[in-house]
Amino acid sequence: MKFRLLHTSRWQPGAIADALAADQVETEELQAPFAPELNSTPTVLLLDPESRREIPGAVVDAMRNAGVTVVALGAPGEEDIPADIPMDLLSGFVAAPARPRQLLVALRSAYREAAARREAAVTRREIATRTNEVTELTEIGIKLSTEKNYNTLLDLILFQARRITNSDAGSLYLVENDEEGRRRVRFKLTQNDSRPDIPFVEFTMPIDHASLSGYAASEGEALVFDDVYDLPPDVAYSFNRSFDERYGYRTRSMLVIPMQNHHGEVIGIVQLINRKREATDRLESPLDADTKVQPYSPHLVKLVRSLAGQAAVALENSQLYQEIERLFEGFVRAAVTAIEQRDPTTSGHSERVADLTVGLAKIVDRADQGPYRMVRFTGEQIRELRYAGLLHDFGKVGVREKVLVKENKLYPPDLSLIKQRHEFIHRTAQWRYEKTRADYLAKQGHAGYQEFLAELDRRFAEEQAQFKTFIDLVLESNKPTVLAEGNFEALKQYSSMTYEAADGSSIPFLSPDEVRYLSIRKGTLDDTERVEIERHVNHTFDFLRDIPWTRNLSRVPDIARGHHEKLDGSGYPRKVRAPDIPVQTRMMTISDIFDALTAKDRPYKRAVPTDRALDIMKSEVSGGMLDQDLFTMFVEAKVFDVQPEDVTGTYQIRE
């Protein structure tokens, strides 16, 4: 084994040539700045009296890390070791005058100690390196496991793999099933430090041995190439150079690692390209790959394999998280469909309320003044709010359908019965008219018949007019409009009028219940029915409370059940006041009222123009029922004009 001897320019090798030759020492003059590195040759530093005081502390620390030992030459008259020599590095001290034999013994001892120190330094460095790598992999694993956004996770996996390997570029492939159930790899993501602006297009390839990624996915094996242009002649796969030729790039070293889940199934491929000697290097031309790119070492292959395993777990967890989200989304959609099938007249209402509420929430989130300037919503809170908006009327499934879809004051069978009654009364009057006329002719003949018939026609016409007034009053009162003054008394009057049934009994024109329904002053519901409709809020809360929501969605029931509450306590069902109504519910209340006023699909009322709807809502704001600041933002931002796709798109969490 050869040893390395560092010396200063003042030292003369000829004085101890025999000692140097005996141990085959490589001599090297110490150059400034001196920064010794750990290498394969044990190193001894020979310090003469003049130079030992010139070595700064940083160099001493570097020598410690590099396993360098020191042999010091004493100055004339120095019998003891001087205090300015670093004792932890000192292997030997030779007093003046230094004789070859003494120096030879000191050097041999120093070389043995240098070899031992170098081995210890290498071991320490390897341990430190492994520790740092484990720490770094742990930190990367934490980042991967906490990232919920799928696309961000993919970008993070590829970025971290490139970072720990100094790779200039890389690609990520995902294994998927096509419509016919065949497994394929999708080119999902690419990154390139030297060509960052190259356009990217996704595509799929079969899992076979024709391509590098297909082979890795098929066999579950890593592929390592020092130069991917120089593939072995006996392999089935090939490298496509079209990218390099089109963009003036040179792909040289490459590492292709399959991402395998805990079942050993390949779910993706990490492809790393051009391991750079320096992380800051840029491969400006194909020739740069010759000088700035190096192969991937076996150790790096193991490191990336470990990272790929972590990435596979994180990717599977993210996919599972997405599946859970889709499950929730499917449930919510099914619930909305169930609501709309029971109440087709409000079709689309839940979706519109959700869109309006989310739109208003995004405006509030960006407010920089006013009482809500400190309110911020995360992406999870926006999703929670959207689900609450979609499900706010879910409780309608617990309301009787005939009440839920009641278009007029009378139910259709009840109105049909009154019409049949009217027809019976009308035909009875016609029969009575004909019978009376026939009886007269049978008993008295034609004597005075014309006078009698004229009077009979007059009375019959009066009856018919009364019958028409009756049915017209019923039809008019049955509409879901404000009942005209005077109609109440007229309806009561008809409840006291009777007609003779087929069995001879007397039956009123209108029953007490019919009069009660027709006397509803506004809308179509009486007090009992209105209470039943209002109970849908309680049903909503009870149904939603029984669903095992995730922690991030746990407030959906509370947000949804308050959408009919008013800040002044006049709402329902709990009649709570402002302090007990969260901002999410206040926003939903505004959205719900606006859509109810402007909806064009309600058969029992006309749609109100936007300006008129806002005026009506403004009066409720003035009355202390709606939140003034939220309503102002709703109007000024024209949330009602925002397209649904702008509302339901990916929400970026505000930093």
# chains A, B, ... in the order shown; residues from 1 in each chain; ligands from 1
call {"tool": "residues_around", "arguments": {"residues": "Pro609 of chain A", "least_positions_apart": "5", "cutoff": "12 Å", "atoms": "only C-alpha atoms", "output": "PyMOL selection string"}}
result
chain A and resi 594-600+614-616
call {"tool": "select_by_dssp", "arguments": {"residues": "segment 207-361 of chain A", "states": "alpha helix (DSSP H)", "output": "number ranges by chain"}}
result
A: 212-219, 242-247, 288-292, 298-342, 349-361
call {"tool": "atom_distance", "arguments": {"atom1": "atom CA of Val474 of chain A", "atom2": "atom CA of Pro508 of chain A"}}
result
14.0 Å
call {"tool": "residues_around", "arguments": {"residues": "segment 405-414 of chain A", "least_positions_apart": "4", "cutoff": "7 Å", "atoms": "only C-alpha atoms", "output": "count of residues only"}}
result
12
call {"tool": "atom_distance", "arguments": {"atom1": "atom CA of Leu89 of chain A", "atom2": "atom CA of Ala110 of chain A"}}
result
9.9 Å
call {"tool": "closest_residue", "arguments": {"among": "A:Glu351, A:Asp611, A:Asp457, A:Glu384", "to": "Gln584 of chain A", "atoms": "only C-alpha atoms"}}
result
A:Glu384
call {"tool": "residues_around", "arguments": {"residues": "Val364 of chain A", "least_positions_apart": "5", "cutoff": "10 Å", "atoms": "only C-alpha atoms", "output": "PyMOL selection string"}}
result
chain A and resi 358-359+369-370+372-377+583+587+629-630+633-634
call {"tool": "residues_around", "arguments": {"residues": "Ala161 of chain A", "least_positions_apart": "3", "cutoff": "10 Å", "atoms": "only C-alpha atoms", "output": "list in words"}}
result
Ile140, Leu156, Ile157, Leu158, Ile164, Thr165, Asn166, Ser167, Gly170, Val270, Gln271, Leu272, Leu303, Val304, Arg305, Leu307, Ala308 and Ala311 of chain A
call {"tool": "write_last_selection", "arguments": {"atoms": "C-alpha atoms", "output": "tab-separated table (two decimals), in the first residue's frame"}}
result
chain	number	residue	atom	x	y	z
A	140	ILE	CA	-40.05	12.55	2.22
A	156	LEU	CA	-43.98	15.57	-5.43
A	157	ILE	CA	-43.00	11.92	-6.01
A	158	LEU	CA	-41.14	12.72	-9.22
A	164	ILE	CA	-32.07	12.94	-4.15
A	165	THR	CA	-30.39	11.62	-7.31
A	166	ASN	CA	-29.45	14.96	-8.93
A	167	SER	CA	-31.44	13.90	-12.00
A	170	GLY	CA	-37.70	12.40	-15.15
A	270	VAL	CA	-40.48	6.30	-11.96
A	271	GLN	CA	-38.08	7.07	-14.80
A	272	LEU	CA	-35.05	9.23	-13.93
A	303	LEU	CA	-32.32	4.54	-2.47
A	304	VAL	CA	-34.80	5.17	-5.28
A	305	ARG	CA	-36.30	1.71	-4.78
A	307	LEU	CA	-38.51	5.97	-2.27
A	308	ALA	CA	-40.58	4.20	-4.92
A	311	ALA	CA	-44.45	6.56	-3.19
call {"tool": "closest_atom_pairs", "arguments": {"of": "segment 544-567 of chain A", "to": "segment 395-398 of chain A", "cutoff": "12 Å", "atoms": "only C-alpha atoms", "output": "CSV"}}
result
residue,atom,partner,partner_atom,distance
A:Leu544,CA,A:Gly395,CA,8.8
A:Arg545,CA,A:Gly395,CA,11.5
A:Pro557,CA,A:Gly395,CA,11.0
A:Ala560,CA,A:Gly395,CA,10.2
A:Arg561,CA,A:Gly395,CA,9.4
call {"tool": "write_last_selection", "arguments": {"atoms": "all heavy atoms", "output": "mmCIF file, in the first residue's frame"}}
result
data_model
loop_
_atom_site.group_PDB
_atom_site.id
_atom_site.type_symbol
_atom_site.label_atom_id
_atom_site.label_comp_id
_atom_site.auth_asym_id
_atom_site.auth_seq_id
_atom_site.Cartn_x
_atom_site.Cartn_y
_atom_site.Cartn_z
ATOM 1 N N LEU A 544 -78.813 13.337 8.350
ATOM 2 C CA LEU A 544 -77.395 13.608 8.138
ATOM 3 C C LEU A 544 -76.564 13.291 9.377
ATOM 4 O O LEU A 544 -75.398 12.900 9.274
ATOM 5 C CB LEU A 544 -77.190 15.072 7.737
ATOM 6 C CG LEU A 544 -77.822 15.512 6.413
ATOM 7 C CD1 LEU A 544 -77.481 16.968 6.127
ATOM 8 C CD2 LEU A 544 -77.360 14.628 5.270
ATOM 9 N N ARG A 545 -77.163 13.447 10.536
ATOM 10 C CA ARG A 545 -76.437 13.164 11.772
ATOM 11 C C ARG A 545 -76.106 11.680 11.906
ATOM 12 O O ARG A 545 -75.121 11.305 12.545
ATOM 13 C CB ARG A 545 -77.270 13.620 12.972
ATOM 14 C CG ARG A 545 -76.569 13.492 14.305
ATOM 15 C CD ARG A 545 -77.433 14.054 15.415
ATOM 16 N NE ARG A 545 -78.771 13.468 15.410
ATOM 17 C CZ ARG A 545 -79.741 13.802 16.255
ATOM 18 N NH1 ARG A 545 -79.526 14.744 17.142
ATOM 19 N NH2 ARG A 545 -80.923 13.231 16.194
ATOM 20 N N PRO A 557 -74.104 18.318 8.925
ATOM 21 C CA PRO A 557 -75.465 18.364 9.487
ATOM 22 C C PRO A 557 -75.798 19.712 10.125
ATOM 23 O O PRO A 557 -76.905 20.237 9.929
ATOM 24 C CB PRO A 557 -75.460 17.240 10.525
ATOM 25 C CG PRO A 557 -74.376 16.311 10.082
ATOM 26 C CD PRO A 557 -73.326 17.195 9.483
ATOM 27 N N ALA A 560 -76.294 22.497 7.464
ATOM 28 C CA ALA A 560 -77.489 22.318 6.631
ATOM 29 C C ALA A 560 -78.775 22.637 7.380
ATOM 30 O O ALA A 560 -79.719 23.179 6.802
ATOM 31 C CB ALA A 560 -77.534 20.884 6.101
ATOM 32 N N ARG A 561 -78.856 22.309 8.659
ATOM 33 C CA ARG A 561 -80.142 22.422 9.350
ATOM 34 C C ARG A 561 -80.539 23.863 9.684
ATOM 35 O O ARG A 561 -81.666 24.108 10.092
ATOM 36 C CB ARG A 561 -80.122 21.596 10.633
ATOM 37 C CG ARG A 561 -79.328 22.193 11.783
ATOM 38 C CD ARG A 561 -79.710 21.502 13.072
ATOM 39 N NE ARG A 561 -78.797 21.796 14.163
ATOM 40 C CZ ARG A 561 -78.998 21.382 15.414
ATOM 41 N NH1 ARG A 561 -80.066 20.668 15.703
ATOM 42 N NH2 ARG A 561 -78.134 21.674 16.353
#
call {"tool": "residues_around", "arguments": {"residues": "Ala217 of chain A", "least_positions_apart": "4", "cutoff": "7 Å", "atoms": "only C-alpha atoms", "output": "PyMOL selection string"}}
result
chain A and resi 207+213+258+266+269
call {"tool": "write_last_selection", "arguments": {"atoms": "N, CA and C atoms", "output": "compact mmCIF listing (two decimals), in the first residue's frame"}}
result
# COMPACT_ATOMS: atom_id res chain seq x y z
N ILE A 207 -48.54 -2.73 -21.74
CA ILE A 207 -47.54 -3.30 -20.83
C ILE A 207 -46.94 -4.52 -21.50
N SER A 213 -40.60 1.49 -19.96
CA SER A 213 -41.60 1.53 -18.89
C SER A 213 -42.49 0.30 -18.94
N PRO A 258 -39.83 0.44 -10.90
CA PRO A 258 -41.27 0.20 -10.73
C PRO A 258 -41.72 0.56 -9.31
N VAL A 266 -47.30 -3.76 -9.52
CA VAL A 266 -46.74 -2.52 -10.05
C VAL A 266 -47.88 -1.55 -10.35
N ILE A 269 -44.47 3.73 -12.57
CA ILE A 269 -43.06 3.66 -12.95
C ILE A 269 -42.43 5.04 -12.75
call {"tool": "residues_around", "arguments": {"residues": "segment 76-82 of chain A", "least_positions_apart": "4", "cutoff": "12 Å", "atoms": "only C-alpha atoms", "output": "number ranges by chain"}}
result
A: 47-50, 52-53, 71-72, 86-87, 90-98
call {"tool": "atom_distance", "arguments": {"atom1": "atom CA of Ser554 of chain A", "atom2": "atom CA of Tyr387 of chain A"}}
result
10.8 Å
